[in-house]
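Heads up, protein_1.cif below (mmCIF, C-alpha atoms):
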data_run
loop_
_atom_site.label_atom_id
_atom_site.label_comp_id
_atom_site.auth_asym_id
_atom_site.auth_seq_id
_atom_site.Cartn_x
_atom_site.Cartn_y
_atom_site.Cartn_z
CA MET A 1 19.97 82.05 -24.58
CA SER A 2 22.40 79.19 -24.02
CA LYS A 3 21.32 77.00 -26.90
CA VAL A 4 18.84 76.78 -29.73
CA SER A 5 16.31 73.99 -29.53
CA THR A 6 13.69 72.89 -31.99
CA PRO A 7 10.01 73.31 -31.09
CA PRO A 8 8.34 70.26 -29.57
CA GLU A 9 6.31 68.03 -31.86
CA PRO A 10 2.57 68.61 -31.61
CA PRO A 11 0.57 66.05 -29.61
CA ALA A 12 -0.44 63.02 -31.62
CA ASP A 13 -4.00 63.13 -30.32
CA ALA A 14 -5.90 65.53 -32.58
CA GLU A 15 -8.63 65.89 -29.97
CA VAL A 16 -6.12 67.49 -27.59
CA THR A 17 -5.19 70.25 -30.02
CA ARG A 18 -8.57 70.90 -31.59
CA GLY A 19 -9.78 72.89 -28.58
CA LEU A 20 -6.69 75.07 -28.71
CA GLU A 21 -7.02 76.13 -32.34
CA HIS A 22 -9.42 78.94 -31.37
CA PRO A 23 -9.19 79.07 -27.59
CA LEU A 24 -10.49 82.63 -27.12
CA PRO A 25 -14.07 83.79 -26.55
CA ALA A 26 -15.79 85.21 -29.62
CA GLY A 27 -14.52 88.66 -30.42
CA MET A 28 -11.32 88.41 -28.38
CA ARG A 29 -7.86 88.19 -29.91
CA ASP A 30 -4.18 87.93 -29.14
CA LEU A 31 -1.54 90.35 -30.38
CA LEU A 32 1.67 88.79 -31.60
CA PRO A 33 4.96 90.55 -30.75
CA GLU A 34 5.05 92.80 -33.82
CA GLU A 35 1.39 93.81 -33.42
CA ALA A 36 1.76 94.42 -29.69
CA TRP A 37 4.85 96.55 -30.28
CA SER A 38 3.08 98.62 -32.93
CA ARG A 39 0.05 99.25 -30.71
CA ARG A 40 2.14 100.15 -27.67
CA THR A 41 4.16 102.57 -29.78
CA LEU A 42 1.09 104.32 -31.18
CA ALA A 43 -0.53 104.49 -27.75
CA ARG A 44 2.61 105.99 -26.26
CA ILE A 45 2.97 108.60 -29.02
CA VAL A 46 -0.66 109.73 -28.89
CA LEU A 47 -0.94 109.72 -25.09
CA GLN A 48 2.32 111.61 -24.70
CA ARG A 49 1.05 114.24 -27.11
CA PHE A 50 -2.03 114.73 -24.96
CA VAL A 51 0.21 115.05 -21.90
CA LEU A 52 2.30 117.72 -23.64
CA HIS A 53 -0.89 119.77 -23.98
CA GLY A 54 -1.42 119.63 -20.22
CA TYR A 55 -3.69 116.59 -20.01
CA ALA A 56 -2.81 114.47 -16.96
CA ALA A 57 -2.88 110.73 -17.61
CA VAL A 58 -5.08 108.59 -15.36
CA ALA A 59 -5.54 104.81 -15.19
CA LEU A 60 -9.08 103.49 -14.97
CA PRO A 61 -10.42 100.07 -13.88
CA ALA A 62 -11.59 97.58 -16.49
CA PHE A 63 -15.03 97.29 -14.91
CA GLU A 64 -17.33 99.40 -12.75
CA PHE A 65 -20.63 98.97 -10.99
CA ALA A 66 -23.24 98.96 -13.74
CA ASP A 67 -25.22 101.91 -12.40
CA VAL A 68 -22.15 104.16 -12.72
CA LEU A 69 -21.58 103.26 -16.36
CA GLU A 70 -25.28 103.42 -17.22
CA ARG A 71 -25.44 107.06 -16.20
CA GLY A 72 -23.16 107.89 -19.10
CA LEU A 73 -23.83 105.30 -21.77
CA GLY A 74 -25.13 107.90 -24.17
CA THR A 75 -26.41 106.27 -27.33
CA LEU A 76 -24.91 102.85 -26.67
CA ASP A 77 -27.46 100.09 -26.75
CA PRO A 78 -27.62 98.47 -23.29
CA GLU A 79 -27.27 95.14 -25.06
CA GLU A 80 -23.73 96.13 -26.03
CA VAL A 81 -22.65 96.13 -22.37
CA LEU A 82 -21.19 92.96 -20.85
CA ARG A 83 -22.54 92.60 -17.30
CA PHE A 84 -21.84 90.17 -14.47
CA VAL A 85 -22.48 89.82 -10.75
CA GLU A 86 -19.54 91.00 -8.65
CA PRO A 87 -18.92 88.06 -6.26
CA GLU A 88 -17.91 90.02 -3.15
CA SER A 89 -20.80 92.51 -3.07
CA GLY A 90 -23.42 90.72 -5.15
CA ALA A 91 -23.89 93.94 -7.11
CA VAL A 92 -24.12 94.05 -10.89
CA ALA A 93 -20.89 95.21 -12.49
CA ALA A 94 -20.08 95.82 -16.14
CA LEU A 95 -17.02 95.79 -18.34
CA ARG A 96 -16.62 99.33 -19.55
CA PRO A 97 -18.04 100.02 -23.02
CA ASP A 98 -16.75 103.60 -22.81
CA MET A 99 -14.33 105.46 -20.55
CA THR A 100 -16.03 108.85 -20.38
CA PRO A 101 -18.44 107.83 -17.57
CA GLN A 102 -15.41 106.69 -15.58
CA ILE A 103 -13.79 110.09 -16.07
CA ALA A 104 -17.04 111.74 -14.92
CA ARG A 105 -17.11 109.57 -11.79
CA LEU A 106 -13.48 110.41 -11.04
CA VAL A 107 -14.03 114.16 -11.40
CA ALA A 108 -17.21 114.07 -9.32
CA THR A 109 -15.56 112.15 -6.47
CA ARG A 110 -11.81 111.81 -5.97
CA LEU A 111 -10.85 114.90 -7.98
CA ARG A 112 -13.70 117.10 -6.84
CA GLY A 113 -11.54 119.36 -4.68
CA ARG A 114 -9.15 120.29 -7.49
CA PRO A 115 -9.68 123.52 -9.42
CA PRO A 116 -11.21 123.30 -12.88
CA PRO A 117 -10.73 123.00 -15.72
CA TYR A 118 -9.98 119.30 -15.61
CA ARG A 119 -7.70 118.03 -18.36
CA LEU A 120 -7.44 114.24 -18.21
CA ALA A 121 -6.11 111.61 -20.63
CA TYR A 122 -6.36 107.83 -20.64
CA GLU A 123 -5.41 104.68 -22.50
CA GLY A 124 -7.12 101.32 -22.31
CA THR A 125 -9.54 98.86 -23.89
CA VAL A 126 -13.32 99.08 -23.96
CA LEU A 127 -15.54 96.10 -24.65
CA ARG A 128 -18.78 96.07 -26.63
CA ARG A 129 -20.96 93.32 -27.99
CA ARG A 130 -21.76 94.87 -31.34
CA SER A 131 -19.43 94.52 -34.32
CA GLY A 132 -19.34 96.58 -37.49
CA ARG A 133 -17.55 96.74 -40.80
CA ALA A 134 -14.25 97.95 -39.38
CA ARG A 135 -14.72 96.64 -35.85
CA LYS A 136 -14.29 92.89 -35.96
CA HIS A 137 -13.48 92.55 -32.30
CA LYS A 138 -15.26 93.35 -29.07
CA GLN A 139 -11.98 94.73 -27.79
CA ILE A 140 -11.54 98.35 -28.85
CA PRO A 141 -8.17 99.82 -27.79
CA GLN A 142 -8.43 103.55 -27.22
CA VAL A 143 -6.42 106.58 -26.25
CA GLY A 144 -8.48 109.61 -25.36
CA PHE A 145 -8.71 112.86 -23.45
CA GLU A 146 -11.42 114.88 -21.74
CA LEU A 147 -11.69 118.63 -21.18
CA LEU A 148 -14.09 119.44 -18.34
CA GLY A 149 -14.94 122.94 -17.17
CA VAL A 150 -14.35 124.88 -20.40
CA ALA A 151 -17.46 125.89 -22.33
CA GLY A 152 -18.17 127.09 -25.84
CA PRO A 153 -15.88 127.63 -28.82
CA GLU A 154 -12.78 127.98 -26.64
CA GLY A 155 -13.12 124.41 -25.38
CA ASP A 156 -14.28 122.99 -28.71
CA LEU A 157 -11.31 124.42 -30.60
CA GLU A 158 -8.86 123.26 -27.93
CA LEU A 159 -10.30 119.75 -28.22
CA LEU A 160 -9.96 119.76 -31.99
CA ALA A 161 -6.46 121.27 -31.92
CA VAL A 162 -5.14 118.66 -29.48
CA ALA A 163 -6.71 115.78 -31.41
CA VAL A 164 -5.28 116.93 -34.74
CA ASP A 165 -1.83 117.51 -33.24
CA ALA A 166 -1.76 114.02 -31.71
CA LEU A 167 -2.76 112.33 -34.97
CA ARG A 168 -0.08 114.23 -36.87
CA ALA A 169 2.48 113.24 -34.22
CA ALA A 170 1.51 109.60 -34.80
CA GLY A 171 2.41 110.01 -38.48
CA LEU A 172 -1.03 110.55 -40.01
CA GLU A 173 -0.85 113.26 -42.66
CA ASP A 174 -3.77 112.82 -45.03
CA PHE A 175 -7.02 112.81 -43.08
CA ALA A 176 -10.33 114.64 -42.97
CA VAL A 177 -12.09 116.15 -39.97
CA ASP A 178 -15.86 116.05 -40.22
CA VAL A 179 -17.64 118.54 -37.91
CA GLY A 180 -21.28 118.72 -37.01
CA ASP A 181 -23.49 119.88 -34.17
CA ALA A 182 -25.81 117.63 -32.21
CA GLY A 183 -27.89 120.65 -31.30
CA ILE A 184 -29.39 120.74 -34.79
CA MET A 185 -31.14 117.39 -34.55
CA ARG A 186 -31.82 117.84 -30.85
CA ALA A 187 -33.80 120.98 -31.63
CA LEU A 188 -35.66 119.55 -34.63
CA LEU A 189 -36.63 116.33 -32.82
CA ARG A 190 -37.22 117.81 -29.37
CA ASP A 191 -40.99 117.32 -29.39
CA VAL A 192 -41.03 114.02 -31.29
CA PRO A 193 -42.29 111.07 -29.18
CA GLY A 194 -39.65 108.55 -28.13
CA GLY A 195 -40.52 105.68 -30.46
CA ALA A 196 -40.90 107.93 -33.49
CA ALA A 197 -37.70 109.80 -32.62
CA GLN A 198 -35.81 106.52 -32.52
CA ALA A 199 -37.23 105.42 -35.88
CA LEU A 200 -36.51 108.82 -37.40
CA SER A 201 -32.98 108.84 -36.00
CA SER A 202 -32.38 105.43 -37.57
CA ALA A 203 -33.66 106.62 -40.94
CA LEU A 204 -31.53 109.77 -40.79
CA GLY A 205 -28.49 107.73 -39.81
CA LYS A 206 -28.96 105.58 -42.92
CA ARG A 207 -29.51 108.70 -45.05
CA ASP A 208 -32.74 107.11 -46.25
CA GLU A 209 -34.92 109.96 -47.55
CA TYR A 210 -37.88 107.71 -48.28
CA GLU A 211 -37.90 106.26 -44.77
CA VAL A 212 -37.57 109.74 -43.29
CA GLU A 213 -40.65 110.80 -45.26
CA VAL A 214 -42.62 107.72 -44.17
CA VAL A 215 -41.78 108.09 -40.46
CA CYS A 216 -42.59 111.81 -40.50
CA ARG A 217 -45.90 111.24 -42.24
CA GLU A 218 -47.00 108.35 -40.01
CA ALA A 219 -46.00 110.11 -36.79
CA GLY A 220 -47.17 113.58 -37.86
CA ILE A 221 -43.67 115.00 -37.49
CA PRO A 222 -43.03 118.45 -38.97
CA HIS A 223 -39.87 119.43 -40.83
CA ALA A 224 -39.90 116.35 -43.10
CA ALA A 225 -38.76 118.33 -46.14
CA LEU A 226 -36.17 120.19 -44.06
CA LEU A 227 -34.79 116.94 -42.63
CA ARG A 228 -34.43 115.47 -46.11
CA GLU A 229 -32.55 118.56 -47.29
CA LEU A 230 -30.18 118.42 -44.31
CA LEU A 231 -29.10 114.93 -45.36
CA HIS A 232 -27.47 116.48 -48.43
CA LEU A 233 -25.70 119.29 -46.58
CA HIS A 234 -22.25 117.82 -46.30
CA GLY A 235 -19.28 119.79 -47.56
CA GLY A 236 -17.44 123.05 -47.01
CA ARG A 237 -18.42 126.43 -45.68
CA ASP A 238 -21.09 126.84 -48.35
CA ALA A 239 -22.92 123.83 -46.89
CA VAL A 240 -22.90 125.45 -43.44
CA LEU A 241 -24.20 128.75 -44.85
CA GLU A 242 -26.99 126.92 -46.67
CA GLY A 243 -27.83 125.14 -43.43
CA GLN A 244 -28.08 128.45 -41.65
CA ARG A 245 -30.49 129.68 -44.29
CA LEU A 246 -32.67 126.59 -44.07
CA LEU A 247 -32.71 126.53 -40.28
CA ALA A 248 -33.41 130.24 -39.78
CA GLY A 249 -36.53 130.62 -37.69
CA THR A 250 -36.34 127.10 -36.26
CA GLY A 251 -35.10 125.97 -32.87
CA ALA A 252 -31.91 124.75 -34.58
CA ALA A 253 -30.81 128.21 -35.75
CA GLU A 254 -28.51 128.69 -32.73
CA ALA A 255 -26.78 125.35 -33.32
CA ALA A 256 -26.27 126.18 -37.01
CA ALA A 257 -24.66 129.51 -36.08
CA ARG A 258 -22.44 127.71 -33.57
CA LEU A 259 -21.33 125.26 -36.26
CA LEU A 260 -20.33 128.11 -38.58
CA GLU A 261 -18.32 129.72 -35.78
CA LEU A 262 -16.56 126.41 -35.14
CA TYR A 263 -15.90 125.81 -38.83
CA ASP A 264 -14.39 129.28 -39.30
CA GLY A 265 -12.35 129.01 -36.12
CA ALA A 266 -10.92 125.63 -37.12
CA THR A 267 -10.15 126.86 -40.63
CA SER A 268 -8.37 129.99 -39.41
CA ARG A 269 -6.16 127.89 -37.11
CA GLY A 270 -5.26 125.37 -39.83
CA LEU A 271 -6.54 122.51 -37.70
CA ALA A 272 -7.10 120.05 -40.50
CA PRO A 273 -5.81 119.47 -44.01
CA ARG A 274 -9.39 118.66 -45.01
CA LEU A 275 -12.31 120.09 -43.06
CA THR A 276 -15.91 119.25 -43.88
CA ALA A 277 -19.23 119.92 -42.20
CA ASP A 278 -22.22 117.60 -41.93
CA LEU A 279 -25.49 119.24 -40.94
CA GLY A 280 -27.42 115.97 -41.16
CA ASP A 281 -25.23 114.13 -38.66
CA VAL A 282 -27.30 112.26 -36.05
CA ARG A 283 -24.50 110.21 -34.50
CA GLY A 284 -24.84 110.54 -30.75
CA PHE A 285 -27.29 113.45 -30.80
CA ALA A 286 -29.10 112.02 -27.76
CA TYR A 287 -25.82 112.12 -25.81
CA TYR A 288 -23.83 115.01 -27.25
CA THR A 289 -25.13 118.53 -26.74
CA GLY A 290 -23.05 120.56 -29.20
CA PRO A 291 -20.19 120.19 -31.68
CA LEU A 292 -19.28 116.72 -32.96
CA PHE A 293 -15.98 115.61 -34.48
CA HIS A 294 -15.15 112.57 -36.62
CA VAL A 295 -11.76 111.91 -38.22
CA PHE A 296 -11.52 109.81 -41.38
CA ALA A 297 -8.58 108.50 -43.41
CA ASP A 298 -8.07 105.94 -46.14
CA GLY A 299 -8.20 102.38 -44.87
CA PRO A 300 -10.66 101.80 -42.02
CA GLY A 301 -13.80 103.03 -43.78
CA GLU A 302 -15.08 104.31 -40.43
CA ALA A 303 -13.99 107.10 -38.11
CA LEU A 304 -10.61 106.43 -36.49
CA GLY A 305 -11.28 109.12 -33.91
CA SER A 306 -14.40 110.86 -32.68
CA GLY A 307 -15.77 113.01 -29.91
CA GLY A 308 -17.65 116.14 -29.08
CA ARG A 309 -19.36 118.22 -26.42
CA TYR A 310 -21.52 116.51 -23.77
CA ASP A 311 -22.44 119.24 -21.29
CA GLU A 312 -25.19 117.23 -19.58
CA LEU A 313 -23.14 114.22 -18.45
CA LEU A 314 -21.46 115.65 -15.34
CA GLY A 315 -24.84 116.74 -14.00
CA ARG A 316 -25.80 113.06 -13.79
CA PHE A 317 -22.89 112.67 -11.38
CA ARG A 318 -23.92 115.75 -9.34
CA ALA A 319 -21.00 117.79 -10.61
CA PRO A 320 -22.53 119.87 -13.41
CA MET A 321 -20.04 121.53 -15.72
CA PRO A 322 -19.39 121.85 -19.45
CA ALA A 323 -17.40 118.96 -20.90
CA ALA A 324 -16.00 117.64 -24.17
CA GLY A 325 -13.83 114.70 -25.12
CA PHE A 326 -12.18 112.82 -27.96
CA ALA A 327 -11.00 109.22 -28.36
CA VAL A 328 -8.74 107.54 -30.92
CA ASP A 329 -9.35 103.93 -31.94
CA LEU A 330 -5.80 102.55 -32.05
CA ASP A 331 -6.66 99.66 -34.37
CA ARG A 332 -8.20 102.01 -36.92
CA LEU A 333 -5.33 104.47 -36.58
CA ALA A 334 -2.87 101.64 -37.27
CA TRP A 335 -4.98 100.60 -40.27
CA ALA A 336 -4.88 104.13 -41.69
CA LEU A 337 -1.13 104.44 -41.11
CA ARG A 338 -0.53 101.04 -42.71
CA SER A 339 -2.57 102.10 -45.75
CA ALA A 340 -0.42 105.22 -46.03
CA GLY A 341 2.83 103.29 -45.49
CA ARG A 342 3.52 105.28 -42.33
CA LEU A 343 3.44 102.80 -39.46
CA PRO A 344 6.22 103.56 -36.96
CA SER A 345 9.55 101.91 -37.84
CA PRO A 346 10.67 99.22 -35.40
CA GLU A 347 13.31 100.08 -32.87
CA PRO A 348 16.67 98.35 -33.43
CA SER A 349 17.11 95.06 -31.61
CA VAL A 350 20.15 92.80 -31.57
CA VAL A 351 20.96 89.11 -31.48
CA LEU A 352 24.50 89.00 -30.13
CA VAL A 353 26.67 86.03 -31.09
CA GLY A 354 28.25 84.74 -27.91
CA ALA A 355 27.50 84.44 -24.23
CA GLU A 356 25.97 86.98 -21.89
CA GLY A 357 28.58 89.44 -20.68
CA ALA A 358 29.86 92.98 -20.65
CA ARG A 359 29.10 93.64 -24.31
CA ALA A 360 25.44 92.68 -23.99
CA ALA A 361 25.17 94.83 -20.86
CA MET A 362 26.76 97.77 -22.67
CA LEU A 363 24.30 97.53 -25.59
CA ARG A 364 21.36 97.40 -23.18
CA GLU A 365 22.65 100.50 -21.42
CA GLN A 366 22.42 102.21 -24.81
CA GLY A 367 18.73 101.31 -24.97
CA LEU A 368 18.98 98.32 -27.32
CA SER A 369 17.07 95.09 -26.87
CA VAL A 370 19.66 92.28 -26.80
CA VAL A 371 19.44 88.49 -26.78
CA CYS A 372 22.45 86.17 -27.06
CA ALA A 373 22.91 83.11 -29.26
CA PRO A 374 25.85 80.66 -29.12
CA ALA A 375 26.77 80.68 -32.83
CA TRP A 376 26.29 82.78 -35.96
CA ASP A 377 23.90 80.35 -37.69
CA ASP A 378 21.78 80.09 -34.55
CA ALA A 379 21.70 83.88 -34.27
CA ILE A 380 20.52 84.33 -37.88
CA HIS A 381 17.82 81.71 -37.45
CA TYR A 382 16.60 83.24 -34.20
CA ALA A 383 16.67 86.82 -35.51
CA ARG A 384 14.60 85.89 -38.56
CA GLY A 385 12.10 83.98 -36.48
CA TRP A 386 11.55 86.72 -33.91
CA GLY A 387 12.01 89.85 -36.00
CA HIS A 388 15.24 91.20 -34.51
CA THR A 389 16.79 93.81 -36.76
CA PHE A 390 20.50 93.09 -36.31
CA VAL A 391 22.92 90.25 -35.66
CA VAL A 392 26.27 91.25 -34.17
CA GLY A 393 29.30 88.94 -34.00
CA ASP A 394 32.56 89.17 -32.10
CA ASP A 395 35.24 88.64 -34.74
CA ALA A 396 36.50 91.39 -36.99
CA ALA A 397 34.48 90.27 -40.01
CA LEU A 398 31.24 90.63 -38.08
CA HIS A 399 31.79 93.81 -36.10
CA VAL A 400 29.55 95.75 -38.51
CA ALA A 401 25.96 94.78 -37.74
CA THR A 402 24.09 92.97 -40.52
CA SER A 403 20.57 94.31 -40.97
CA LEU A 404 17.94 91.65 -41.47
CA CYS A 405 14.94 93.98 -41.73
CA CYS A 406 12.66 91.29 -40.40
CA ARG A 407 9.98 93.33 -38.77
CA GLY A 408 6.99 94.78 -40.57
#
Here is the file; what I need is its structure written in the form of structure tokens.
Amino acid sequence: MSKVSTPPEPPADAEVTRGLEHPLPAGMRDLLPEEAWSRRTLARIVLQRFVLHGYAAVALPAFEFADVLERGLGTLDPEEVLRFVEPESGAVAALRPDMTPQIARLVATRLRGRPPPYRLAYEGTVLRRRSGRARKHKQIPQVGFELLGVAGPEGDLELLAVAVDALRAAGLEDFAVDVGDAGIMRALLRDVPGGAAQALSSALGKRDEYEVEVVCREAGIPHAALLRELLHLHGGRDAVLEGQRLLAGTGAAEAAARLLELYDGATSRGLAPRLTADLGDVRGFAYYTGPLFHVFADGPGEALGSGGRYDELLGRFRAPMPAAGFAVDLDRLAWALRSAGRLPSPEPSVVLVGAEGARAAMLREQGLSVVCAPAWDDAIHYARGWGHTFVVGDDAALHVATSLCCRG
């Protein structure tokens, strides 16, 4: 940086600047340098932790042909998917609302000749139309991993162990893991007609006992009293045991036993500081086939990570095999870490007083980010404006770096 200049004056014509005040499409956003650095750091930490557990990182395209994604949309409303016509082929393509169908496509095609199990990890952004309390943007940055070809408790516990380890590596200490089993609701609602099942699922999702009763009565659905009781079964091992008692003799008994096995296995391995079970969980039951996982921490108000077993998905891609996966929402993880005062500390960066030369090159060789400024006052001003952590001068009085602690 040869000299410091003042920013240009804004255009006098207000009409010119008005269109640039909010130039992004609804739901999109920029990340300023500090935000971008924080997200990249978290993504790198979490993804690297997955890699250390043997999960090979892959890079996936931002959009696919719509029919590929629609095979694995799960419980996503089709209206959440952003579609467009691909100009070269004229086919309908879609911006990915989820990465798991892309992993399924990859395993069923380009990776098909490799021996299972498949352990794959990814990082990227998904796009959805819907917004919720803690999701103000259509862009959802994720880091996730998929375990394909390992069935039962062995795979479920590996999934949970890797997820918990990665979150701890990112600095999250106080969090709860909520476990459930989609097989419970799948079994109880198996014979319920589609429209009634959707209405009942909505009522169960809202934990609305009255609406559950009304839907069951109007549609002649059995188990109304049982469904209402399940809504209250959220807690520790006692809640799982009570669920087993209530579900004995029903089609959901096997899923309840599986949930107890998972709960005990996770507890014995110390996989979470706080472990709870939710037998009334209906999130994704039409997509997931077995255990479900949701991770909560102070701050976001919604799960910062979630996943589970989806053994039916690969069959839709003509490569049937058991599968499970987990994804971390990086924005929510950052929110939780910020609430706990545990966001990663910024790496040191230097504004060097003087011209480019051997000293700047030497500092860069040591892994430091370095920019040069012609004079001390210019260096201070620039460092404060751009969040550099140190200013280093050449004379004896300034050889000891002065910390500015500008970044948050």
Could you write out as a PyMOL selection string the residues that the PyMOL selection byres ((chain A and resi 287) around 12) matches in the shown file? chain A and resi 71-76+100-101+181-183+185-186+282-286+288-292+307-314+323-324
If the PyMOL selection byres ((chain A and resi 150) around 10) were run on this exact file, what residues would it hold? Put them as JSON, numbers by chain. {"A": [116, 117, 118, 119, 147, 148, 149, 151, 152, 153, 154, 155, 156, 158, 311, 321, 322, 323, 324]}
Compile the contact shell of region 218-230 of chain A as an MDAnalysis selection string: residues with an atom at most 12 Å away, counting only C-alpha atoms, same-chain residues fewer than 2 positions apart removed. chainID A and resid 180 184:185 187:201 203:216 232:235 239:248 250:252 256 277:282
Any chance you could export the current selection's C-alpha atoms as a short mmCIF file (atom, residue, chain, number, x, y, z; two decimals), keeping the file's coordinate frame?
data_model
loop_
_atom_site.label_atom_id
_atom_site.label_comp_id
_atom_site.auth_asym_id
_atom_site.auth_seq_id
_atom_site.Cartn_x
_atom_site.Cartn_y
_atom_site.Cartn_z
CA GLY A 180 -21.28 118.72 -37.01
CA ILE A 184 -29.39 120.74 -34.79
CA MET A 185 -31.14 117.39 -34.55
CA ALA A 187 -33.80 120.98 -31.63
CA LEU A 188 -35.66 119.55 -34.63
CA LEU A 189 -36.63 116.33 -32.82
CA ARG A 190 -37.22 117.81 -29.37
CA ASP A 191 -40.99 117.32 -29.39
CA VAL A 192 -41.03 114.02 -31.29
CA PRO A 193 -42.29 111.07 -29.18
CA GLY A 194 -39.65 108.55 -28.13
CA GLY A 195 -40.52 105.68 -30.46
CA ALA A 196 -40.90 107.93 -33.49
CA ALA A 197 -37.70 109.80 -32.62
CA GLN A 198 -35.81 106.52 -32.52
CA ALA A 199 -37.23 105.42 -35.88
CA LEU A 200 -36.51 108.82 -37.40
CA SER A 201 -32.98 108.84 -36.00
CA ALA A 203 -33.66 106.62 -40.94
CA LEU A 204 -31.53 109.77 -40.79
CA GLY A 205 -28.49 107.73 -39.81
CA LYS A 206 -28.96 105.58 -42.92
CA ARG A 207 -29.51 108.70 -45.05
CA ASP A 208 -32.74 107.11 -46.25
CA GLU A 209 -34.92 109.96 -47.55
CA TYR A 210 -37.88 107.71 -48.28
CA GLU A 211 -37.90 106.26 -44.77
CA VAL A 212 -37.57 109.74 -43.29
CA GLU A 213 -40.65 110.80 -45.26
CA VAL A 214 -42.62 107.72 -44.17
CA VAL A 215 -41.78 108.09 -40.46
CA CYS A 216 -42.59 111.81 -40.50
CA HIS A 232 -27.47 116.48 -48.43
CA LEU A 233 -25.70 119.29 -46.58
CA HIS A 234 -22.25 117.82 -46.30
CA GLY A 235 -19.28 119.79 -47.56
CA ALA A 239 -22.92 123.83 -46.89
CA VAL A 240 -22.90 125.45 -43.44
CA LEU A 241 -24.20 128.75 -44.85
CA GLU A 242 -26.99 126.92 -46.67
CA GLY A 243 -27.83 125.14 -43.43
CA GLN A 244 -28.08 128.45 -41.65
CA ARG A 245 -30.49 129.68 -44.29
CA LEU A 246 -32.67 126.59 -44.07
CA LEU A 247 -32.71 126.53 -40.28
CA ALA A 248 -33.41 130.24 -39.78
CA THR A 250 -36.34 127.10 -36.26
CA GLY A 251 -35.10 125.97 -32.87
CA ALA A 252 -31.91 124.75 -34.58
CA ALA A 256 -26.27 126.18 -37.01
CA ALA A 277 -19.23 119.92 -42.20
CA ASP A 278 -22.22 117.60 -41.93
CA LEU A 279 -25.49 119.24 -40.94
CA GLY A 280 -27.42 115.97 -41.16
CA ASP A 281 -25.23 114.13 -38.66
CA VAL A 282 -27.30 112.26 -36.05
#
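From CA of Val85 (chain A) back to CA of Glu146 (chain A), the distance works out to 29.5 Å.
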Separation of CA of Ala121 (chain A) and CA of Gly315 (chain A), in Å?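 Taking CA of Ala121 (chain A) as the start and CA of Gly315 (chain A) as the end point, the length is 20.5 Å.
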Measuring between all atoms listed in the file, which one of A:Pro97, A:Leu352, A:Asp378, A:Ala360 shows the shortest distance to Phe390 (chain A)? A:Leu352
